[in-house]
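Student: One file: structure-v7.tsv (TSV, C-alpha atoms and all ligand atoms).
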chain	number	residue	atom	x	y	z
V	1	MET	CA	98.74	130.42	55.71
V	2	GLU	CA	98.91	128.02	52.77
V	3	ASN	CA	95.64	126.61	51.53
V	4	ALA	CA	94.46	123.19	52.68
V	5	PHE	CA	95.60	121.39	49.53
V	6	THR	CA	99.17	122.61	49.86
V	7	LEU	CA	99.13	121.73	53.58
V	8	ILE	CA	98.10	118.19	52.62
V	9	ASP	CA	100.89	118.09	50.03
V	10	ARG	CA	103.38	119.17	52.66
V	11	LEU	CA	102.08	116.65	55.18
V	12	GLU	CA	102.60	113.94	52.60
V	13	SER	CA	106.19	114.99	51.94
V	14	VAL	CA	107.48	115.96	55.41
V	15	HIS	CA	104.95	114.18	57.71
V	16	SER	CA	104.77	117.16	60.03
V	17	LEU	CA	102.84	120.42	60.42
V	18	SER	CA	102.57	123.02	63.16
V	19	LEU	CA	99.71	122.88	65.63
V	20	GLU	CA	98.10	125.89	63.94
V	21	GLU	CA	98.40	124.22	60.54
V	22	TYR	CA	96.79	121.01	61.82
V	23	GLU	CA	93.94	123.07	63.23
V	24	ALA	CA	93.52	124.92	59.93
V	25	LEU	CA	93.47	121.60	58.09
V	26	ILE	CA	90.80	120.20	60.40
V	27	LEU	CA	88.66	123.31	59.93
V	28	ALA	CA	89.16	123.09	56.15
V	29	GLN	CA	87.46	119.71	55.86
V	30	SER	CA	85.16	119.62	52.83
V	31	ASP	CA	84.25	116.97	50.26
V	32	GLU	CA	87.13	118.21	48.13
V	33	THR	CA	89.84	118.31	50.81
V	34	ALA	CA	88.73	114.95	52.23
V	35	ALA	CA	88.82	113.33	48.77
V	36	TYR	CA	92.25	114.86	48.13
V	37	ALA	CA	93.66	113.56	51.45
V	38	ALA	CA	92.04	110.14	51.01
V	39	GLU	CA	93.45	109.72	47.52
V	40	LYS	CA	96.98	110.41	48.79
V	41	ALA	CA	96.52	108.24	51.89
V	42	ASP	CA	95.27	105.36	49.78
V	43	ARG	CA	98.29	105.63	47.49
V	44	VAL	CA	100.78	105.89	50.37
V	45	ARG	CA	99.22	102.88	52.15
V	46	LYS	CA	99.20	100.80	48.94
V	47	GLU	CA	102.89	101.57	48.32
V	48	ILE	CA	103.77	100.08	51.71
V	49	PHE	CA	101.13	97.41	52.33
V	50	GLY	CA	99.78	96.66	48.85
V	51	ASN	CA	96.18	95.46	49.13
V	52	LYS	CA	96.85	93.60	52.40
V	53	ILE	CA	94.66	94.24	55.41
V	54	TYR	CA	95.88	92.87	58.73
V	55	VAL	CA	93.40	91.16	60.97
V	56	ARG	CA	93.33	91.12	64.78
V	57	GLY	CA	90.96	88.85	66.68
V	58	LEU	CA	89.37	90.90	69.46
V	59	ILE	CA	88.46	89.09	72.67
V	60	GLU	CA	86.45	91.18	75.13
V	61	ILE	CA	87.52	89.35	78.27
V	62	SER	CA	85.53	91.34	80.84
V	63	ASN	CA	83.27	94.39	81.13
V	64	ILE	CA	84.13	94.93	84.79
V	65	CYS	CA	85.69	98.39	85.19
V	66	ARG	CA	86.78	100.54	88.09
V	67	ASN	CA	86.79	103.74	86.03
V	68	ASN	CA	83.92	106.09	85.34
V	69	CYS	CA	84.64	107.64	81.92
V	70	LEU	CA	81.57	109.74	81.17
V	71	TYR	CA	81.09	108.33	77.68
V	72	CYS	CA	81.57	104.62	78.30
V	73	GLY	CA	78.79	102.06	78.72
V	74	ILE	CA	80.86	99.81	80.99
V	75	ARG	CA	81.72	102.64	83.46
V	76	ARG	CA	81.50	101.51	87.06
V	77	SER	CA	78.42	103.62	87.88
V	78	ASN	CA	76.34	102.01	85.16
V	79	GLY	CA	74.03	99.78	87.19
V	80	ASN	CA	72.38	98.50	84.00
V	81	CYS	CA	75.57	96.87	82.80
V	82	ASP	CA	75.39	93.10	83.30
V	83	ARG	CA	78.97	92.30	84.33
V	84	TYR	CA	80.89	89.23	83.16
V	85	ARG	CA	84.38	87.86	83.13
V	86	LEU	CA	85.43	85.09	80.77
V	87	THR	CA	87.26	82.13	82.29
V	88	PHE	CA	90.77	81.27	81.13
V	89	ASP	CA	89.34	78.26	79.33
V	90	GLU	CA	86.80	80.41	77.50
V	91	ILE	CA	89.52	82.85	76.44
V	92	LEU	CA	91.77	80.02	75.24
V	93	GLU	CA	88.84	78.55	73.30
V	94	CYS	CA	88.34	81.94	71.54
V	95	CYS	CA	92.04	81.87	70.61
V	96	ARG	CA	91.76	78.30	69.36
V	97	GLN	CA	88.86	79.24	67.10
V	98	GLY	CA	90.61	82.38	65.91
V	99	HIS	CA	93.78	80.44	65.15
V	100	GLY	CA	91.67	78.07	63.05
V	101	TYR	CA	90.37	81.05	61.04
V	102	GLY	CA	93.99	82.06	60.37
V	103	PHE	CA	94.33	84.86	62.94
V	104	ARG	CA	97.86	85.44	64.17
V	105	THR	CA	97.12	88.30	66.57
V	106	PHE	CA	94.81	88.21	69.56
V	107	VAL	CA	93.77	91.41	71.27
V	108	LEU	CA	92.67	90.95	74.86
V	109	GLN	CA	90.52	93.88	75.93
V	110	SER	CA	88.62	94.60	79.13
V	111	GLY	CA	87.54	97.28	81.55
V	112	GLU	CA	90.21	98.37	83.97
V	113	GLY	CA	90.99	96.30	87.04
V	114	ALA	CA	89.03	93.27	85.84
V	115	LEU	CA	92.18	91.12	86.03
V	116	ASP	CA	95.25	91.69	88.15
V	117	CYS	CA	98.81	91.60	86.87
V	118	ASP	CA	99.45	87.98	87.98
V	119	GLU	CA	96.31	86.79	86.20
V	120	ILE	CA	97.23	88.68	83.04
V	121	CYS	CA	100.77	87.28	83.05
V	122	GLY	CA	99.45	83.73	83.52
V	123	LEU	CA	97.03	84.17	80.65
V	124	VAL	CA	99.60	85.67	78.30
V	125	LYS	CA	102.09	82.87	79.03
V	126	GLU	CA	99.47	80.23	78.33
V	127	ILE	CA	98.37	81.81	75.04
V	128	LYS	CA	101.97	82.28	73.88
V	129	SER	CA	102.87	78.69	74.71
V	130	ARG	CA	99.83	77.23	72.93
V	131	PHE	CA	99.92	79.57	69.93
V	132	SER	CA	103.60	80.31	69.53
V	133	ASP	CA	103.17	81.80	66.06
V	134	CYS	CA	100.81	84.50	67.35
V	135	ALA	CA	101.20	88.00	68.72
V	136	VAL	CA	99.33	89.02	71.87
V	137	THR	CA	98.09	92.57	72.18
V	138	LEU	CA	96.80	93.79	75.52
V	139	SER	CA	94.23	96.55	75.92
V	140	LEU	CA	93.53	96.43	79.63
V	141	GLY	CA	94.10	100.00	80.76
V	142	GLU	CA	96.54	101.69	83.12
V	143	PHE	CA	99.16	99.86	85.20
V	144	SER	CA	102.49	100.68	86.82
V	145	TYR	CA	105.79	100.44	84.93
V	146	GLU	CA	106.65	97.30	86.89
V	147	GLU	CA	103.34	95.64	85.98
V	148	TYR	CA	103.75	96.48	82.28
V	149	ARG	CA	107.28	95.11	82.51
V	150	ARG	CA	106.06	91.81	83.92
V	151	MET	CA	103.37	91.51	81.23
V	152	LYS	CA	106.03	92.09	78.59
V	153	GLU	CA	108.26	89.49	80.18
V	154	ALA	CA	105.30	87.07	80.16
V	155	GLY	CA	105.24	87.44	76.37
V	156	ALA	CA	102.88	90.32	75.49
V	157	ASP	CA	103.96	91.91	72.21
V	158	ARG	CA	101.78	94.98	71.86
V	159	TYR	CA	99.65	97.29	74.00
V	160	LEU	CA	96.75	99.49	73.01
V	161	LEU	CA	95.96	102.40	75.29
V	162	ARG	CA	94.11	105.21	73.61
V	163	HIS	CA	95.21	108.56	74.97
V	164	GLU	CA	91.52	109.56	74.34
V	165	THR	CA	92.42	113.24	73.81
V	166	ALA	CA	95.69	115.13	73.93
V	167	ASP	CA	93.96	118.22	75.36
V	168	GLU	CA	94.36	118.10	79.13
V	169	ALA	CA	91.22	120.12	79.95
V	170	HIS	CA	89.11	118.05	77.56
V	171	TYR	CA	90.57	114.89	79.09
V	172	ALA	CA	89.59	116.09	82.57
V	173	SER	CA	86.04	116.88	81.40
V	174	LEU	CA	85.53	113.28	80.22
V	175	HIS	CA	87.38	111.39	82.96
V	176	PRO	CA	86.29	112.54	86.42
V	177	ASP	CA	88.66	110.39	88.43
V	178	MET	CA	91.54	109.80	86.05
V	179	LYS	CA	94.71	111.77	85.40
V	180	PHE	CA	95.90	112.86	81.96
V	181	GLU	CA	99.46	112.75	83.24
V	182	ASN	CA	99.14	109.12	84.23
V	183	ARG	CA	97.72	108.17	80.82
V	184	MET	CA	100.72	109.79	79.16
V	185	ARG	CA	103.11	108.15	81.65
V	186	CYS	CA	101.62	104.76	80.77
V	187	LEU	CA	102.11	105.33	77.04
V	188	LYS	CA	105.73	106.38	77.53
V	189	ASP	CA	106.40	103.38	79.79
V	190	LEU	CA	104.90	101.01	77.23
V	191	LYS	CA	107.06	102.39	74.47
V	192	SER	CA	110.21	102.35	76.58
V	193	LEU	CA	109.55	98.71	77.49
V	194	GLY	CA	109.58	97.79	73.81
V	195	TYR	CA	105.89	97.13	73.26
V	196	GLN	CA	104.49	97.97	69.85
V	197	THR	CA	102.36	100.72	71.32
V	198	GLY	CA	99.00	102.03	70.21
V	199	CYS	CA	97.37	105.28	71.27
V	200	GLY	CA	94.23	106.84	69.81
V	201	PHE	CA	91.23	109.04	70.37
V	202	MET	CA	87.52	109.40	69.84
V	203	VAL	CA	86.26	111.71	67.12
V	204	GLY	CA	83.42	114.07	68.03
V	205	SER	CA	83.39	113.50	71.78
V	206	PRO	CA	81.24	116.17	73.47
V	207	GLY	CA	83.20	119.39	73.90
V	208	GLN	CA	85.94	118.42	71.44
V	209	THR	CA	87.26	121.36	69.40
V	210	ALA	CA	89.36	121.59	66.25
V	211	ALA	CA	92.18	122.85	68.47
V	212	ALA	CA	91.92	119.71	70.61
V	213	LEU	CA	92.00	117.47	67.53
V	214	ALA	CA	95.04	119.37	66.29
V	215	LYS	CA	96.76	118.46	69.57
V	216	ASP	CA	95.87	114.81	68.92
V	217	LEU	CA	97.54	114.93	65.51
V	218	LYS	CA	100.61	116.72	66.90
V	219	PHE	CA	100.83	114.20	69.74
V	220	ILE	CA	100.70	111.28	67.30
V	221	GLU	CA	103.30	112.93	65.08
V	222	THR	CA	105.72	113.36	67.99
V	223	PHE	CA	104.98	110.24	70.06
V	224	SER	CA	105.13	108.19	66.88
V	225	PRO	CA	103.11	105.15	68.01
V	226	GLU	CA	103.21	101.90	66.06
V	227	MET	CA	99.40	101.70	66.08
V	228	CYS	CA	96.59	104.22	66.42
V	229	GLY	CA	92.92	103.48	67.06
V	230	ILE	CA	90.40	106.16	66.23
V	231	GLY	CA	86.65	105.96	65.98
V	232	PRO	CA	83.63	108.18	66.36
V	233	PHE	CA	82.15	108.85	69.80
V	234	ILE	CA	78.74	107.16	69.97
V	235	PRO	CA	76.38	107.84	72.90
V	236	GLN	CA	75.39	105.04	75.29
V	237	LYS	CA	72.01	105.62	76.88
V	238	ASP	CA	72.97	104.76	80.48
V	239	THR	CA	75.87	107.21	80.63
V	240	PRO	CA	75.93	110.95	81.44
V	241	LEU	CA	76.64	111.64	77.74
V	242	GLY	CA	73.79	109.42	76.55
V	243	ASN	CA	71.89	112.27	74.89
V	244	GLU	CA	74.83	113.80	73.05
V	245	LYS	CA	75.25	113.39	69.33
V	246	SER	CA	77.66	110.95	67.69
V	247	GLY	CA	80.90	111.93	66.03
V	248	SER	CA	80.70	111.92	62.25
V	249	CYS	CA	81.84	109.30	59.80
V	250	GLY	CA	83.17	112.01	57.46
V	251	GLN	CA	85.42	113.60	60.08
V	252	THR	CA	86.72	110.19	61.19
V	253	LEU	CA	87.61	109.30	57.58
V	254	TYR	CA	89.36	112.63	57.04
V	255	LEU	CA	91.42	112.12	60.22
V	256	LEU	CA	92.32	108.56	59.16
V	257	SER	CA	93.71	109.97	55.92
V	258	LEU	CA	95.70	112.66	57.74
V	259	LEU	CA	97.12	110.04	60.14
V	260	ARG	CA	98.26	107.91	57.22
V	261	LEU	CA	100.09	110.93	55.81
V	262	ILE	CA	101.65	111.75	59.20
V	263	LYS	CA	102.97	108.20	59.59
V	264	PRO	CA	102.85	106.14	56.39
V	265	ASN	CA	103.65	102.78	58.04
V	266	LEU	CA	101.21	103.22	60.95
V	267	LEU	CA	99.00	100.25	61.83
V	268	LEU	CA	95.64	101.95	61.63
V	269	PRO	CA	92.39	100.06	62.27
V	270	SER	CA	89.09	100.74	60.61
V	271	THR	CA	87.06	100.38	63.79
V	272	THR	CA	83.81	98.75	64.85
V	273	ALA	CA	82.53	102.17	65.96
V	274	LEU	CA	83.01	103.43	62.40
V	275	GLY	CA	81.06	100.40	61.15
V	276	THR	CA	78.35	101.20	63.68
V	277	ILE	CA	77.63	104.79	62.57
V	278	ASP	CA	77.73	103.83	58.89
V	279	PRO	CA	76.90	100.39	57.50
V	280	LEU	CA	79.87	100.67	55.15
V	281	GLY	CA	82.05	102.55	57.63
V	282	ARG	CA	84.80	99.96	57.83
V	283	GLU	CA	85.09	99.75	54.05
V	284	LYS	CA	85.21	103.54	53.86
V	285	GLY	CA	87.86	103.60	56.61
V	286	VAL	CA	90.10	101.29	54.63
V	287	LYS	CA	89.62	103.33	51.48
V	288	ALA	CA	90.56	106.46	53.47
V	289	GLY	CA	93.86	104.92	54.61
V	290	ALA	CA	93.27	102.32	57.35
V	291	ASN	CA	94.99	98.92	57.07
V	292	VAL	CA	93.75	96.83	60.00
V	293	VAL	CA	90.39	95.26	60.91
V	294	MET	CA	89.51	93.72	64.24
V	295	PRO	CA	86.81	91.08	63.99
V	296	ASN	CA	85.11	90.16	67.24
V	297	LEU	CA	86.10	86.73	68.58
V	298	SER	CA	84.26	87.02	71.91
V	299	PRO	CA	81.69	84.32	72.69
V	300	VAL	CA	78.38	85.50	71.21
V	301	ARG	CA	76.67	85.19	74.62
V	302	VAL	CA	78.73	88.07	76.09
V	303	ARG	CA	78.93	90.37	73.10
V	304	LYS	CA	75.85	92.45	73.91
V	305	LYS	CA	77.19	92.95	77.43
V	306	TYR	CA	80.34	94.68	76.18
V	307	ALA	CA	78.19	97.63	75.21
V	308	LEU	CA	80.57	100.59	75.16
V	309	TYR	CA	78.01	102.49	73.06
V	310	ASP	CA	74.51	101.94	71.66
V	311	GLY	CA	73.87	100.04	68.45
V	312	LYS	CA	77.27	98.29	68.42
V	313	ILE	CA	77.51	95.94	65.45
V	314	CYS	CA	78.74	92.35	65.63
V	315	THR	CA	76.73	91.50	68.74
V	316	GLY	CA	73.89	89.37	67.29
V	317	ASP	CA	73.81	85.67	66.48
V	318	GLU	CA	74.47	86.43	62.83
V	319	SER	CA	77.86	87.85	63.81
V	320	ALA	CA	79.36	84.55	65.03
V	321	GLN	CA	81.56	84.61	61.94
V	322	CYS	CA	82.83	88.19	61.83
V	323	VAL	CA	85.92	86.97	60.03
V	324	GLY	CA	83.93	85.73	57.03
V	325	CYS	CA	81.88	88.90	57.00
V	326	LEU	CA	84.94	91.14	57.11
V	327	GLU	CA	86.74	89.11	54.50
V	328	ARG	CA	83.82	89.55	52.08
V	329	ARG	CA	83.64	93.24	52.90
V	330	MET	CA	87.36	93.75	52.26
V	331	ASN	CA	87.27	91.69	49.05
V	332	SER	CA	84.35	93.80	47.81
V	333	ILE	CA	86.61	96.88	47.78
V	334	GLY	CA	89.63	95.11	46.29
V	335	PHE	CA	91.57	94.24	49.47
V	336	GLU	CA	92.73	90.89	50.90
V	337	ILE	CA	92.77	89.82	54.52
V	338	SER	CA	96.31	88.79	55.49
V	339	SER	CA	96.99	85.96	57.90
V	340	GLU	CA	100.43	87.24	58.85
V	341	ARG	CA	101.10	88.51	62.38
V	342	GLY	CA	101.37	91.96	60.87
V	343	ASP	CA	104.01	93.43	63.15
V	344	TYR	CA	104.99	97.05	62.81
V	345	GLU	CA	107.92	97.53	60.45
V	346	GLU	CA	110.22	100.45	59.97
V	347	ILE	CA	110.25	101.78	56.44
V	348	LYS	CA	113.41	100.54	54.76
V	349	LYS	CA	115.55	103.34	53.43
V	350	GLU	CA	117.36	102.57	50.16
V	401	LIG	N1	89.91	99.79	79.62
V	401	LIG	C1	90.81	99.83	78.52
V	401	LIG	C2	91.32	101.23	78.29
V	401	LIG	O1	90.93	102.14	79.05
V	401	LIG	O2	92.15	101.43	77.43
V	401	LIG	C3	90.26	99.25	77.24
V	401	LIG	C4	88.79	99.22	77.06
V	401	LIG	S1	88.05	100.78	76.66
V	401	LIG	C5	86.35	100.39	76.84
V	401	LIG	C6	88.29	100.81	74.88
V	401	LIG	C7	87.98	102.11	74.15
V	401	LIG	O3	86.59	102.21	73.91
V	401	LIG	C8	88.31	103.38	74.86
V	401	LIG	O4	89.66	103.67	74.71
V	401	LIG	C9	87.38	104.40	74.19
V	401	LIG	O5	88.08	105.22	73.27
V	401	LIG	C10	86.35	103.52	73.47
V	401	LIG	N2	84.97	103.91	73.84
V	401	LIG	C11	84.42	103.83	75.06
V	401	LIG	N3	83.16	104.36	75.06
V	401	LIG	C12	82.94	104.78	73.79
V	401	LIG	C13	81.84	105.45	73.15
V	401	LIG	N4	80.74	105.77	73.82
V	401	LIG	N5	81.95	105.71	71.83
V	401	LIG	C14	83.06	105.37	71.15
V	401	LIG	N6	84.14	104.78	71.70
V	401	LIG	C15	84.08	104.49	73.02
V	402	LIG	FE1	81.10	91.21	62.63
V	402	LIG	FE2	80.37	91.72	60.06
V	402	LIG	S1	82.28	91.96	61.01
V	402	LIG	S2	79.19	90.76	61.66
Show how you would write the structure in this file as C-alpha cells.
Tutor:
Amino acid sequence: MENAFTLIDRLESVHSLSLEEYEALILAQSDETAAYAAEKADRVRKEIFGNKIYVRGLIEISNICRNNCLYCGIRRSNGNCDRYRLTFDEILECCRQGHGYGFRTFVLQSGEGALDCDEICGLVKEIKSRFSDCAVTLSLGEFSYEEYRRMKEAGADRYLLRHETADEAHYASLHPDMKFENRMRCLKDLKSLGYQTGCGFMVGSPGQTAAALAKDLKFIETFSPEMCGIGPFIPQKDTPLGNEKSGSCGQTLYLLSLLRLIKPNLLLPSTTALGTIDPLGREKGVKAGANVVMPNLSPVRVRKKYALYDGKICTGDESAQCVGCLERRMNSIGFEISSERGDYEEIKKE
C-alpha cells in the first residue's frame, strides 16, 4: 500500500479511499502525518470559506431522554440527572438574545422524547415567524419519516443526528435498546426530505477500533452529509462508562483534517467536547480544518444539568457570553466569526 503521505495526497485530489486505506491512514497517525493533513485541510478550507467561521447558537431545550446510551450523562437510568425542560417562552428568549448577538442559526437540542412532534412543529413555526432571517437546526433524535416531514413543513432547515459509529456491532455495544438500522433510516429520511443533514461520531469511545473509524470515514464519504459533528468521548461519572478514558484531542484533530479532505465544503464544527479535553481544543479544531463553532445560548441556570460528560465547559456563570469568548478565541488565531446563516453550498464548478 502507498505510504500515509501519498494516501493523504490522493484523498485531497479524489476525496475517496478504500476502507482498507482509511484504516491504514488512521493507524499511521503521527505528529508528521497529522501536521501534513492539517496543513492541507487548512488550505482547502481557506480556499472555500476564507477566514470565516460560522456560528450556531445552541439551545439545550431539555435533558429528558427515553434512551439509555451507555456513555451519555442524560441517559434515562441516570437517577442523578436533575431533569428540566425549558418553556417555549424561555426558548424564544434565548433566540431573541442570540439574534441580538448576530446569530442567524439556532440549534435546538434535547434528549429524545422530551417534546412530541406537535410541540416541536409549534416551536419551529414560532421561531421562524419571529426570526425570519434565521435557520433552525433540530437535534432531537429519532422520529418517523412522517414526523420529520411535518417538522420540515413547519420550517426546520437542518437536522443533526450523529450516526455515533458506522460499525454495527460497536453501535450495539453502546446503545442497548436502540437499532443501528433505525439510526441509518432516520439519516436517509432526513436527507430525502431536503434537510441539510448532519451525521457524526465520537472519537475514542470504549471499544472503538481503527477499522470502526475507517467505516465512519467511508460512511461520510458515501452518505455525503452537509454537516458532520465529531468530538472526543468523555466519561460521565454516573454512566456505565464513567471509568473509561477519554478520546484524544490529537486523534480528533487528525480526523477533522481527513474529513475536510473527504468533503471540502463540509460544515464541520469544532465542538465543545474538544474544548473540554483541551483548553485550546476549539482553536486547534479550526486550525485542523473545522469551520463552525456552536456557542451555548441556554439559560445559565440549566447548563450544568445538560451534563452529557464530566467537566463540560461553558456551564459556569462566567460563560453567559460564550459568543464574546468564542469571538476572541477565533480572532486570536486569525479567523472571523460570520453572522451569515451559513447554509451548505455546493462547490461551483467553472
Ligand atoms: N438526543 C439527540 C440525539 O440522539 O441525536 C441529541 C442529543 S445527544 C445528547 C448529542 C450528542 O452528544 C450525541 O450524539 C453524542 O455523540 C454526544 N455525547 C453524549 N454523551 C457523550 C460523552 N460522554 N462524550 C462525548 N459526547 C457525548
Ligand atoms: Fe463558552 Fe468560552 S465559549 S465560555
Student: Tell me which residues come within 10 Å of (98.1, 112.4, 79.5), as number ranges by chain, counting only C-alpha atoms in the file's coordinates.
Tutor: V: 163-168, 171-172, 178-188
Student: How about saving the chosen residues, C-alpha atoms kept, as a PDB file, in the coordinates of the input?
Tutor:
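The result, written out as out_24.pdb:
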ATOM      1  CA  HIS V 163      95.210 108.560  74.970  1.00  0.00           C
ATOM      2  CA  GLU V 164      91.520 109.560  74.340  1.00  0.00           C
ATOM      3  CA  THR V 165      92.420 113.240  73.810  1.00  0.00           C
ATOM      4  CA  ALA V 166      95.690 115.130  73.930  1.00  0.00           C
ATOM      5  CA  ASP V 167      93.960 118.220  75.360  1.00  0.00           C
ATOM      6  CA  GLU V 168      94.360 118.100  79.130  1.00  0.00           C
ATOM      7  CA  TYR V 171      90.570 114.890  79.090  1.00  0.00           C
ATOM      8  CA  ALA V 172      89.590 116.090  82.570  1.00  0.00           C
ATOM      9  CA  MET V 178      91.540 109.800  86.050  1.00  0.00           C
ATOM     10  CA  LYS V 179      94.710 111.770  85.400  1.00  0.00           C
ATOM     11  CA  PHE V 180      95.900 112.860  81.960  1.00  0.00           C
ATOM     12  CA  GLU V 181      99.460 112.750  83.240  1.00  0.00           C
ATOM     13  CA  ASN V 182      99.140 109.120  84.230  1.00  0.00           C
ATOM     14  CA  ARG V 183      97.720 108.170  80.820  1.00  0.00           C
ATOM     15  CA  MET V 184     100.720 109.790  79.160  1.00  0.00           C
ATOM     16  CA  ARG V 185     103.110 108.150  81.650  1.00  0.00           C
ATOM     17  CA  CYS V 186     101.620 104.760  80.770  1.00  0.00           C
ATOM     18  CA  LEU V 187     102.110 105.330  77.040  1.00  0.00           C
ATOM     19  CA  LYS V 188     105.730 106.380  77.530  1.00  0.00           C
TER      20      LYS V 188
END
Student: Between atom N2 of ligand LIG 401 (chain V) and atom CA of Ser18 of chain V, what is the distance, to one decimal in Å?
Tutor: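 We find that atom N2 of ligand LIG 401 (chain V) and atom CA of Ser18 of chain V lie 28.1 Å from each other.
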Student: If we count all atoms listed in the file and set the cut-off at 10 Å, which residues sit around segment 326-333 of chain V, ignoring sequence neighbours fewer than 6 positions away in its own chain? Please answer as a list in words.
Tutor: Asn51, Lys52, Ile53, Val55, Leu280, Arg282, Glu283, Lys284, Val286, Lys287, Val293, Met294 and Pro295 of chain V
Student: Which residues come within 12 Å of Val203 of chain V, counting only C-alpha atoms, excluding same-chain residues fewer than 3 positions away, as a PyMOL selection string?
Tutor: chain V and resi 26+164-165+200+206-210+212-214+216-217+229-234+245-256+271+273-274+277
Student: Neighbours of ligand LIG 402 (chain V) at 10 Å or closer, counting all atoms listed in the file: which residues, as a PDB file with C-alpha atoms, in the coordinates of the input?
Tutor:
ATOM      1  CA  THR V 272      83.810  98.750  64.850  1.00  0.00           C
ATOM      2  CA  GLY V 275      81.060 100.400  61.150  1.00  0.00           C
ATOM      3  CA  PRO V 279      76.900 100.390  57.500  1.00  0.00           C
ATOM      4  CA  ARG V 282      84.800  99.960  57.830  1.00  0.00           C
ATOM      5  CA  VAL V 293      90.390  95.260  60.910  1.00  0.00           C
ATOM      6  CA  MET V 294      89.510  93.720  64.240  1.00  0.00           C
ATOM      7  CA  PRO V 295      86.810  91.080  63.990  1.00  0.00           C
ATOM      8  CA  ASN V 296      85.110  90.160  67.240  1.00  0.00           C
ATOM      9  CA  LEU V 297      86.100  86.730  68.580  1.00  0.00           C
ATOM     10  CA  LYS V 312      77.270  98.290  68.420  1.00  0.00           C
ATOM     11  CA  ILE V 313      77.510  95.940  65.450  1.00  0.00           C
ATOM     12  CA  CYS V 314      78.740  92.350  65.630  1.00  0.00           C
ATOM     13  CA  THR V 315      76.730  91.500  68.740  1.00  0.00           C
ATOM     14  CA  GLY V 316      73.890  89.370  67.290  1.00  0.00           C
ATOM     15  CA  ASP V 317      73.810  85.670  66.480  1.00  0.00           C
ATOM     16  CA  GLU V 318      74.470  86.430  62.830  1.00  0.00           C
ATOM     17  CA  SER V 319      77.860  87.850  63.810  1.00  0.00           C
ATOM     18  CA  ALA V 320      79.360  84.550  65.030  1.00  0.00           C
ATOM     19  CA  GLN V 321      81.560  84.610  61.940  1.00  0.00           C
ATOM     20  CA  CYS V 322      82.830  88.190  61.830  1.00  0.00           C
ATOM     21  CA  VAL V 323      85.920  86.970  60.030  1.00  0.00           C
ATOM     22  CA  GLY V 324      83.930  85.730  57.030  1.00  0.00           C
ATOM     23  CA  CYS V 325      81.880  88.900  57.000  1.00  0.00           C
ATOM     24  CA  LEU V 326      84.940  91.140  57.110  1.00  0.00           C
ATOM     25  CA  GLU V 327      86.740  89.110  54.500  1.00  0.00           C
ATOM     26  CA  ARG V 328      83.820  89.550  52.080  1.00  0.00           C
ATOM     27  CA  ARG V 329      83.640  93.240  52.900  1.00  0.00           C
TER      28      ARG V 329
END
Student: Taking a cut-off of 6 Å and counting only C-alpha atoms and all ligand atoms, can you build a table that, for each residue of chain V near ligand LIG 401 (chain V), reports the nearest atom pair and how far apart they are in Å (one decimal), sorted by chain then residue number, as a tab-separated table?
Tutor:
residue	atom	partner	partner_atom	distance
V:Tyr71	CA	V:LIG401	N4	4.6
V:Cys72	CA	V:LIG401	N3	3.6
V:Gln109	CA	V:LIG401	C3	5.5
V:Ser110	CA	V:LIG401	C4	5.1
V:Gly111	CA	V:LIG401	N1	4.0
V:Glu112	CA	V:LIG401	N1	4.6
V:Ser139	CA	V:LIG401	C3	5.0
V:Leu140	CA	V:LIG401	C1	4.5
V:Gly141	CA	V:LIG401	C2	3.9
V:Leu161	CA	V:LIG401	O2	4.5
V:Arg162	CA	V:LIG401	O4	4.8
V:Glu164	CA	V:LIG401	O5	5.6
V:Phe201	CA	V:LIG401	O5	5.7
V:Met202	CA	V:LIG401	O5	5.4
V:Pro232	CA	V:LIG401	C14	5.6
V:Phe233	CA	V:LIG401	N5	3.7
V:Ile234	CA	V:LIG401	N5	4.0
V:Pro235	CA	V:LIG401	N4	4.9
V:Gln236	CA	V:LIG401	N4	5.6
V:Leu308	CA	V:LIG401	N3	4.6
V:Tyr309	CA	V:LIG401	N4	4.3
Student: For Arg66 of chain V, which of V:Glu23, V:Asp177, V:Phe106, V:Phe5 is the closest residue, counting all atoms listed in the file?
Tutor: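 Of all the options, V:Asp177 lies closest to Arg66 of chain V.
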Student: Using only C-alpha atoms, find the one residue out of V:Gly342, V:Gly289, V:Gly50, V:Gly155 that sits nearest to Leu258 of chain V.
Tutor: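 Of V:Gly342, V:Gly289, V:Gly50, V:Gly155, the one nearest Leu258 of chain V, counting only C-alpha atoms, is V:Gly289.
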Student: When you count all atoms listed in the file, which of these residues is closest to Arg75 of chain V: V:Asn63, V:Lys305, V:Ala156, V:Glu119?
Tutor: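 The closest residue to Arg75 of chain V is V:Asn63.
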Student: Counting all atoms listed in the file, what is within 8 Å of Ala290 of chain V, bar same-chain residues fewer than 2 positions away, as a list of chain:residue names?
Tutor: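 Result of the neighbour search: V:Arg45, V:Leu256, V:Ser257, V:Arg260, V:Leu267, V:Leu268, V:Pro269, V:Ser270, V:Gly285, V:Val286, V:Lys287, V:Ala288, V:Val292.
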Student: Selected residues, C-alpha atoms, written as a CSV table (one decimal), keeping the file's coordinate frame, please.
Tutor:
chain,number,residue,atom,x,y,z
V,45,ARG,CA,99.2,102.9,52.2
V,256,LEU,CA,92.3,108.6,59.2
V,257,SER,CA,93.7,110.0,55.9
V,260,ARG,CA,98.3,107.9,57.2
V,267,LEU,CA,99.0,100.2,61.8
V,268,LEU,CA,95.6,102.0,61.6
V,269,PRO,CA,92.4,100.1,62.3
V,270,SER,CA,89.1,100.7,60.6
V,285,GLY,CA,87.9,103.6,56.6
V,286,VAL,CA,90.1,101.3,54.6
V,287,LYS,CA,89.6,103.3,51.5
V,288,ALA,CA,90.6,106.5,53.5
V,292,VAL,CA,93.8,96.8,60.0
Student: Quick one: everything within 8 Å of segment 192-197 of chain V, counting only C-alpha atoms, minus sequence neighbours fewer than 2 positions away in the same chain. Send it as a PyMOL selection string.
Tutor: chain V and resi 148-149+152+156-161+187-190+199+225-227+344
Student: Just give me the gap between atom CA of Tyr145 of chain V and atom CA of Asp118 of chain V in Å, one decimal is fine.
Tutor: 14.3 Å
Student: Using only C-alpha atoms, which protein or nucleic acid residues come within 12 Å of Glu2 of chain V? Drop anything in the same chain fewer than 5 positions from it, and give the result as a tab-separated table (two decimals) with C-alpha atoms, in the coordinates of the input.
Tutor:
chain	number	residue	atom	x	y	z
V	7	LEU	CA	99.13	121.73	53.58
V	8	ILE	CA	98.10	118.19	52.62
V	9	ASP	CA	100.89	118.09	50.03
V	10	ARG	CA	103.38	119.17	52.66
V	17	LEU	CA	102.84	120.42	60.42
V	20	GLU	CA	98.10	125.89	63.94
V	21	GLU	CA	98.40	124.22	60.54
V	22	TYR	CA	96.79	121.01	61.82
V	24	ALA	CA	93.52	124.92	59.93
V	25	LEU	CA	93.47	121.60	58.09
V	28	ALA	CA	89.16	123.09	56.15
